[in-house]
Amino acid sequence: MEYLTVAMAKGRIANEAISLLESAGILFSDFNEKSRKLIFTDDDRNIKLIFVKAVDVPTYVELGAADIGVIGKDVLLEDPKDVYELMDLGIGKCKLSVAGFPSDQLLDRSQLTVASKYPNLAKMYFDQKGIRTEVIKLNGSVELAPLIDMADCIVDIVETGATLKENGLVVLEDVANVSARLIVNKASFAIKTERIQQFIADVKIGLEVYL
Ligand code: PRP
């Protein structure tokens, strides 16, 4: 039987998602957190797991290189792709927030420089508020931007809040709730309907055990 391929975002979602799949009886016996391997298989169920960079998960799924993807809602909102979003996995919960220095009355200003890994979401958010923005796209260590006067504030993921706290920043406003979603390639869903539905049913059972 052909493999059902699942693209998984490397990083913070992965360990939780693998544990969830284990609870669903989907086991990748040679997986361990420290491994640099990119492909793992469950040969009993013919499921192949591929590890890709988070922002690339929807691309793999849209193109059919993976049938299924596990990815944060933040990535889907920033760069929507032509895929089905079938399930909120309820793991990898965090918030997309505007953050900056505590004393700043930033949101009263008419113009802001904003640093973010999410330039589209940042621009949309401030557009809605009627605040003009220059958005600087960064790929990491976004919290640095206000500290070195490169930006007035940031739009970024806040999970524990530790990164903000350790850098003297605070949440100014929340933009969106984020959690991991299960996405599916449209053609795969038509062709491999039963297998994908079975996968989803297994994951739902796994969620009851896991959460
Ligand atoms: C993310 C995010 C924040 C941090 C938030 O970055 O961009 O910097 O995690 O997590 P916390 O609220 O638990 O501190 P990530 O760890 O992915 O690294 P990066 O800065 O290299 O993008």
# chains A, B, ... in the order shown; residues from 1 in each chain; ligands from 1
>>> residues_near_ligand(ligand="ligand 1", cutoff="9 Å", atoms="only C-alpha atoms and all ligand atoms", output="PyMOL selection string")
chain A and resi 11-12+94-95+116-117+138-143+155-166
>>> select_by_dssp(residues="stretch 20-198 of chain A", states="strand (DSSP E or B)", output="ChimeraX atom specification")
/A:39-42,47-52,68-72,84-88,94-100,111-116,132-137,153-158,170-178,180-184
>>> closest_residue(among="A:Ala14, A:Val83, A:Leu147, A:Ala9", to="A:Asp56", atoms="only C-alpha atoms")
A:Ala9
>>> residues_around(residues="stretch 195-200 of chain A", least_positions_apart="4", cutoff="10 Å", atoms="only C-alpha atoms", output="PyMOL selection string")
chain A and resi 4+21+24+26+45+47+67-68+86-87+182+184+188-191+204-206
>>> residues_around(residues="A:Ser23", least_positions_apart="6", cutoff="12 Å", atoms="only C-alpha atoms", output="mmCIF file with all heavy atoms, in the first residue's frame")
data_model
loop_
_atom_site.group_PDB
_atom_site.id
_atom_site.type_symbol
_atom_site.label_atom_id
_atom_site.label_comp_id
_atom_site.auth_asym_id
_atom_site.auth_seq_id
_atom_site.Cartn_x
_atom_site.Cartn_y
_atom_site.Cartn_z
ATOM 1 N N GLU A 16 5.195 17.562 20.646
ATOM 2 C CA GLU A 16 3.807 17.384 21.096
ATOM 3 C C GLU A 16 3.019 16.572 20.072
ATOM 4 O O GLU A 16 2.251 15.683 20.422
ATOM 5 C CB GLU A 16 3.134 18.758 21.241
ATOM 6 C CG GLU A 16 3.088 19.288 22.644
ATOM 7 C CD GLU A 16 2.189 20.520 22.738
ATOM 8 O OE1 GLU A 16 2.635 21.600 22.278
ATOM 9 O OE2 GLU A 16 1.074 20.405 23.239
ATOM 10 N N ALA A 17 3.227 16.911 18.796
ATOM 11 C CA ALA A 17 2.461 16.243 17.736
ATOM 12 C C ALA A 17 2.837 14.762 17.627
ATOM 13 O O ALA A 17 1.969 13.910 17.428
ATOM 14 C CB ALA A 17 2.691 16.948 16.407
ATOM 15 N N ASP A 202 -8.343 8.353 13.987
ATOM 16 C CA ASP A 202 -7.311 7.890 14.929
ATOM 17 C C ASP A 202 -6.774 9.060 15.758
ATOM 18 O O ASP A 202 -6.578 8.944 16.966
ATOM 19 C CB ASP A 202 -6.147 7.222 14.175
ATOM 20 C CG ASP A 202 -6.556 5.875 13.576
ATOM 21 O OD1 ASP A 202 -7.592 5.326 13.993
ATOM 22 O OD2 ASP A 202 -5.834 5.386 12.685
ATOM 23 N N VAL A 203 -6.540 10.188 15.079
ATOM 24 C CA VAL A 203 -6.002 11.364 15.778
ATOM 25 C C VAL A 203 -7.010 11.858 16.816
ATOM 26 O O VAL A 203 -6.640 12.249 17.930
ATOM 27 C CB VAL A 203 -5.626 12.481 14.774
ATOM 28 C CG1 VAL A 203 -5.335 13.791 15.492
ATOM 29 C CG2 VAL A 203 -4.404 12.064 13.949
ATOM 30 N N LYS A 204 -8.308 11.812 16.465
ATOM 31 C CA LYS A 204 -9.336 12.250 17.434
ATOM 32 C C LYS A 204 -9.308 11.371 18.677
ATOM 33 O O LYS A 204 -9.417 11.869 19.805
ATOM 34 C CB LYS A 204 -10.724 12.207 16.786
ATOM 35 C CG LYS A 204 -10.967 13.431 15.906
ATOM 36 C CD LYS A 204 -12.387 13.494 15.388
ATOM 37 C CE LYS A 204 -12.542 14.762 14.548
ATOM 38 N NZ LYS A 204 -13.573 14.621 13.516
ATOM 39 N N ILE A 205 -9.147 10.064 18.475
ATOM 40 C CA ILE A 205 -9.060 9.148 19.621
ATOM 41 C C ILE A 205 -7.781 9.466 20.408
ATOM 42 O O ILE A 205 -7.777 9.551 21.633
ATOM 43 C CB ILE A 205 -9.064 7.675 19.149
ATOM 44 C CG1 ILE A 205 -10.433 7.332 18.559
ATOM 45 C CG2 ILE A 205 -8.709 6.719 20.297
ATOM 46 C CD1 ILE A 205 -10.499 6.032 17.799
ATOM 47 N N GLY A 206 -6.683 9.698 19.663
ATOM 48 C CA GLY A 206 -5.411 10.056 20.288
ATOM 49 C C GLY A 206 -5.541 11.307 21.148
ATOM 50 O O GLY A 206 -4.983 11.383 22.247
ATOM 51 N N LEU A 207 -6.305 12.277 20.653
ATOM 52 C CA LEU A 207 -6.483 13.546 21.386
ATOM 53 C C LEU A 207 -7.148 13.317 22.731
ATOM 54 O O LEU A 207 -6.796 13.958 23.728
ATOM 55 C CB LEU A 207 -7.335 14.510 20.559
ATOM 56 C CG LEU A 207 -6.605 15.430 19.590
ATOM 57 C CD1 LEU A 207 -7.594 16.262 18.798
ATOM 58 C CD2 LEU A 207 -5.620 16.333 20.323
ATOM 59 N N GLU A 208 -8.117 12.389 22.754
ATOM 60 C CA GLU A 208 -8.827 12.110 24.021
ATOM 61 C C GLU A 208 -7.852 11.553 25.056
ATOM 62 O O GLU A 208 -7.951 11.873 26.230
ATOM 63 C CB GLU A 208 -9.955 11.105 23.784
ATOM 64 C CG GLU A 208 -11.187 11.773 23.183
ATOM 65 C CD GLU A 208 -12.207 10.752 22.701
ATOM 66 O OE1 GLU A 208 -12.227 9.632 23.216
ATOM 67 O OE2 GLU A 208 -12.976 11.114 21.772
ATOM 68 N N VAL A 209 -6.912 10.739 24.574
ATOM 69 C CA VAL A 209 -5.926 10.154 25.493
ATOM 70 C C VAL A 209 -4.891 11.213 25.868
ATOM 71 O O VAL A 209 -4.489 11.335 27.021
ATOM 72 C CB VAL A 209 -5.209 8.965 24.806
ATOM 73 C CG1 VAL A 209 -4.161 8.354 25.734
ATOM 74 C CG2 VAL A 209 -6.219 7.927 24.341
ATOM 75 N N TYR A 210 -4.481 11.998 24.873
ATOM 76 C CA TYR A 210 -3.331 12.891 25.037
ATOM 77 C C TYR A 210 -3.641 14.145 25.854
ATOM 78 O O TYR A 210 -2.854 14.554 26.704
ATOM 79 C CB TYR A 210 -2.792 13.285 23.659
ATOM 80 C CG TYR A 210 -1.581 14.177 23.717
ATOM 81 C CD1 TYR A 210 -0.335 13.653 24.070
ATOM 82 C CD2 TYR A 210 -1.668 15.538 23.464
ATOM 83 C CE1 TYR A 210 0.778 14.460 24.167
ATOM 84 C CE2 TYR A 210 -0.568 16.360 23.547
ATOM 85 C CZ TYR A 210 0.657 15.828 23.892
ATOM 86 O OH TYR A 210 1.745 16.631 23.982
ATOM 87 N N LEU A 211 -4.798 14.752 25.571
ATOM 88 C CA LEU A 211 -5.056 16.075 26.191
ATOM 89 C C LEU A 211 -5.572 15.965 27.637
ATOM 90 O O LEU A 211 -6.178 15.019 28.022
ATOM 91 C CB LEU A 211 -6.067 16.862 25.353
ATOM 92 C CG LEU A 211 -5.542 17.409 24.003
ATOM 93 C CD1 LEU A 211 -6.634 18.157 23.271
ATOM 94 C CD2 LEU A 211 -4.332 18.319 24.185
#
>>> closest_residue(among="A:Ala115, A:Met1, A:Val171, A:Ala201", to="A:Lys48", atoms="only C-alpha atoms")
A:Met1
>>> residues_around(residues="A:Arg36", least_positions_apart="2", cutoff="12 Å", atoms="only C-alpha atoms", output="list in words")
Lys10, Gly11, Asp30, Phe31, Asn32, Glu33, Lys34, Leu38, Ile39, Phe40, Ile50, Phe51 and Val52 of chain A
>>> write_last_selection(atoms="C-alpha atoms", output="mmCIF file, in the first residue's frame")
data_model
loop_
_atom_site.group_PDB
_atom_site.id
_atom_site.type_symbol
_atom_site.label_atom_id
_atom_site.label_comp_id
_atom_site.auth_asym_id
_atom_site.auth_seq_id
_atom_site.Cartn_x
_atom_site.Cartn_y
_atom_site.Cartn_z
ATOM 1 C CA LYS A 10 10.166 21.035 12.809
ATOM 2 C CA GLY A 11 10.511 22.743 16.174
ATOM 3 C CA ASP A 30 13.215 5.173 15.362
ATOM 4 C CA PHE A 31 12.131 8.767 16.181
ATOM 5 C CA ASN A 32 13.938 10.625 18.911
ATOM 6 C CA GLU A 33 13.997 14.346 19.642
ATOM 7 C CA LYS A 34 17.702 14.723 18.935
ATOM 8 C CA LEU A 38 14.081 13.927 8.121
ATOM 9 C CA ILE A 39 11.951 10.880 7.229
ATOM 10 C CA PHE A 40 10.393 8.354 9.614
ATOM 11 C CA ILE A 50 8.617 14.118 6.797
ATOM 12 C CA PHE A 51 10.116 16.970 8.818
ATOM 13 C CA VAL A 52 10.126 20.321 7.077
#
>>> atom_distance(atom1="atom CA of A:Leu89", atom2="atom CA of A:Leu20")
9.1 Å
>>> closest_residue(among="A:Leu121, A:Leu112, A:Ile91, A:Leu169", to="A:Val75", atoms="only C-alpha atoms")
A:Leu121
